[in-house]
Amino acid sequence: MACAVNVGLYRSAVAMSSQQRRLDSIAANLANVGTVGFKRGVTAAHEVEVERPRGKVRGVTTLAEVDFAQGNLLRTGREHDLALFGDGFFAVDSPEGEVYSRDGSFHLTEAGVLVTEEGSPVAWDTLQGSIDPVGLPLKIDEEGNVRQGVQDVGRLRIVAFEDNHALLKDARGYWVAPAGLRPGPAEARVNQYALEDSNANGVEEMVAMIGVQRSFEVVARVFEAIDKTYERLTRPF
């Protein structure tokens with residue numbers, strides 16, 4: 001009987017841990033509903049089998065992944081705002097090397113350098129000329145070719161990966177490619193005067209949060225009931 005109680009306590013604890021991870025993921029999604037280019041996190045519970053000295057033991061693990069689905073494009077009318085439609089990322093030059101982003105809210109410095117909100121330079125595939133910060137408006141086509149008046153400035157570096165889920169996220173929100181994962185050409189199209197909205201839906205995330213909270217409460221009550229049973233079984237006469 002004690003063994004069954006221990007198993008019940010273990011499974012209840014695992015279930016609560018799984019629901020907590022789901023709750024953390026949903027909370028992060030809600031916090032970034034208004035973040036440009038944000039990709040929501042999703043979680044899924046999977047049953048696993050682990051080999052132990054006494055035989056195989058079944059358990060449950062919760063895996064977290066990123067949903068890279070396309071977000072809605074919002075027209076801003078701002079010259080340096082760019083949105084990608086399709087699979088791909090803007091390449092950005094950071095002090096740690098090349099990183100990647102779906103956030104195209106760029107601006108020009110006084111020196112005519114196109115940079116991100118944090119001030120990191122946007123990477124180029126080709127750079128044929130310089131941008132005059134007080135010159136004619138920029139024209140950027142779907143392939144990322146940039147023109148200013150009659151001058152061809154160059155083409156922005158837009159890349160894609162065979163497996164987006166292998167990308168890692170750094171503290172600033174950029175995507176980083178681990179060793180061995182190389183970028184290739186992207187099919188994404190550039191839309192000037194627009195930004196990509198977060199693909200997290202506030203209403204859907206709130207509904208999911210309520211469901212997870214209720215599930216957590218149910219499991220917590222089960223855990224408490226089993227714990228009380230265990231106390232009665234182990235209480236000295």
# chains A, B, ... in the order shown; residues from 1 in each chain; ligands from 1
$ select_by_dssp --residues "range 70-130 of chain A" --states "strand (DSSP E)" --output "list in words"
Leu73, Leu74, Arg75, Leu82, Ala83, Leu84, Phe85, Phe89, Phe90, Ala91, Val92, Asp93, Ser94, Gly97, Glu98, Val99, Tyr100, Ser101, His107, Leu108, Leu114, Val115, Trp124, Asp125, Thr126 and Leu127 of chain A
$ write_last_selection --atoms "C-alpha atoms" --output "PDB file, in the first residue's frame"
ATOM      1  CA  LEU A  73       1.580  42.052 -40.780  1.00  0.00           C
ATOM      2  CA  LEU A  74       0.685  45.484 -39.425  1.00  0.00           C
ATOM      3  CA  ARG A  75       1.168  48.502 -41.669  1.00  0.00           C
ATOM      4  CA  LEU A  82      10.288  45.916 -42.359  1.00  0.00           C
ATOM      5  CA  ALA A  83       8.258  42.729 -41.956  1.00  0.00           C
ATOM      6  CA  LEU A  84       9.010  39.254 -43.249  1.00  0.00           C
ATOM      7  CA  PHE A  85       6.263  37.101 -44.723  1.00  0.00           C
ATOM      8  CA  PHE A  89      15.098  35.876 -40.433  1.00  0.00           C
ATOM      9  CA  PHE A  90      16.871  39.210 -40.660  1.00  0.00           C
ATOM     10  CA  ALA A  91      20.567  38.737 -39.970  1.00  0.00           C
ATOM     11  CA  VAL A  92      22.058  41.126 -37.416  1.00  0.00           C
ATOM     12  CA  ASP A  93      25.717  41.791 -36.608  1.00  0.00           C
ATOM     13  CA  SER A  94      26.254  41.610 -32.849  1.00  0.00           C
ATOM     14  CA  GLY A  97      28.692  37.270 -34.033  1.00  0.00           C
ATOM     15  CA  GLU A  98      25.753  36.999 -36.397  1.00  0.00           C
ATOM     16  CA  VAL A  99      22.340  36.622 -34.765  1.00  0.00           C
ATOM     17  CA  TYR A 100      18.833  36.507 -36.234  1.00  0.00           C
ATOM     18  CA  SER A 101      15.514  38.250 -35.695  1.00  0.00           C
ATOM     19  CA  HIS A 107      16.172  52.954 -37.824  1.00  0.00           C
ATOM     20  CA  LEU A 108      19.063  54.925 -39.295  1.00  0.00           C
ATOM     21  CA  LEU A 114      20.660  50.716 -40.480  1.00  0.00           C
ATOM     22  CA  VAL A 115      20.371  49.321 -36.956  1.00  0.00           C
ATOM     23  CA  TRP A 124      23.931  42.893 -45.635  1.00  0.00           C
ATOM     24  CA  ASP A 125      24.463  40.258 -48.310  1.00  0.00           C
ATOM     25  CA  THR A 126      25.905  42.955 -50.539  1.00  0.00           C
ATOM     26  CA  LEU A 127      26.662  46.576 -49.716  1.00  0.00           C
TER      27      LEU A 127
END
$ closest_residue --among "A:Thr35, A:Pro183, A:Gln19, A:Asp132" --to "Ile210 in chain A" --atoms "only C-alpha atoms"
A:Gln19
$ residues_around --residues "Ala179 in chain A" --least-positions-apart "2" --cutoff "12 Å" --atoms "only C-alpha atoms" --output "JSON, numbers by chain"
{"A": [166, 167, 168, 176, 177, 181, 182, 183]}
$ residues_around --residues "range 21-30 of chain A" --least-positions-apart "3" --cutoff "8 Å" --atoms "only C-alpha atoms" --output "number ranges by chain"
A: 17-18, 33, 40-43, 62, 200-202, 205-206, 208-209, 212-213
$ residues_around --residues "Pro133 in chain A" --least-positions-apart "4" --cutoff "10 Å" --atoms "only C-alpha atoms" --output "NGL selection string"
:A and (107-114 or 137-138)
$ write_last_selection --atoms "N, CA and C atoms" --output "mmCIF file, in the first residue's frame"
data_model
loop_
_atom_site.group_PDB
_atom_site.id
_atom_site.type_symbol
_atom_site.label_atom_id
_atom_site.label_comp_id
_atom_site.auth_asym_id
_atom_site.auth_seq_id
_atom_site.Cartn_x
_atom_site.Cartn_y
_atom_site.Cartn_z
ATOM 1 N N HIS A 107 16.046 51.512 -37.628
ATOM 2 C CA HIS A 107 16.172 52.954 -37.824
ATOM 3 C C HIS A 107 17.584 53.274 -38.285
ATOM 4 N N LEU A 108 17.759 54.483 -38.806
ATOM 5 C CA LEU A 108 19.063 54.925 -39.295
ATOM 6 C C LEU A 108 19.784 55.749 -38.242
ATOM 7 N N THR A 109 21.085 55.528 -38.137
ATOM 8 C CA THR A 109 21.904 56.370 -37.271
ATOM 9 C C THR A 109 22.302 57.632 -38.041
ATOM 10 N N GLU A 110 22.924 58.563 -37.342
ATOM 11 C CA GLU A 110 23.390 59.787 -37.996
ATOM 12 C C GLU A 110 24.468 59.487 -39.037
ATOM 13 N N ALA A 111 25.117 58.332 -38.893
ATOM 14 C CA ALA A 111 26.153 57.945 -39.853
ATOM 15 C C ALA A 111 25.577 57.170 -41.041
ATOM 16 N N GLY A 112 24.253 56.973 -41.047
ATOM 17 C CA GLY A 112 23.632 56.271 -42.158
ATOM 18 C C GLY A 112 23.695 54.756 -42.045
ATOM 19 N N VAL A 113 23.803 54.232 -40.822
ATOM 20 C CA VAL A 113 23.843 52.787 -40.588
ATOM 21 C C VAL A 113 22.458 52.318 -40.168
ATOM 22 N N LEU A 114 21.952 51.294 -40.838
ATOM 23 C CA LEU A 114 20.660 50.716 -40.480
ATOM 24 C C LEU A 114 20.857 49.789 -39.291
ATOM 25 N N PRO A 137 14.113 59.135 -49.590
ATOM 26 C CA PRO A 137 13.597 57.962 -48.872
ATOM 27 C C PRO A 137 14.154 56.654 -49.456
ATOM 28 N N LEU A 138 14.266 55.647 -48.601
ATOM 29 C CA LEU A 138 14.717 54.333 -49.051
ATOM 30 C C LEU A 138 13.554 53.573 -49.683
#
$ closest_residue --among "A:Gln20, A:Gln148, A:Ser105, A:Ser215" --to "Asp81 in chain A" --atoms "only C-alpha atoms"
A:Ser105
$ select_by_dssp --residues "range 83-227 of chain A" --states "helix (DSSP H, G or I)" --output "list in words"
Asn164, His165, Ala166, Gly202, Val203, Glu204, Glu205, Met206, Val207, Ala208, Met209, Ile210, Gly211, Val212, Gln213, Arg214, Ser215, Phe216, Glu217, Val218, Val219, Ala220, Arg221, Val222, Phe223, Glu224, Ala225, Ile226 and Asp227 of chain A
$ closest_residue --among "A:Ala123, A:Gly86, A:Val203, A:Val134" --to "Arg155 in chain A" --atoms "only C-alpha atoms"
A:Ala123
$ closest_residue --among "A:Asn199, A:Asp170, A:Gly104, A:Glu118" --to "Leu156 in chain A" --atoms "only C-alpha atoms"
A:Gly104
$ atom_distance --atom1 "CA of Ala69 in chain A" --atom2 "CA of Ala188 in chain A"
12.6 Å
$ atom_distance --atom1 "CA of Gly149 in chain A" --atom2 "CA of Ser120 in chain A"
25.2 Å
$ closest_residue --among "A:Arg189, A:Arg172, A:Arg102, A:Lys139" --to "Val153 in chain A" --atoms "only C-alpha atoms"
A:Lys139
$ closest_residue --among "A:Asp152, A:Asp87, A:Asp197, A:Asp67" --to "Gln128 in chain A" --atoms "only C-alpha atoms"
A:Asp152
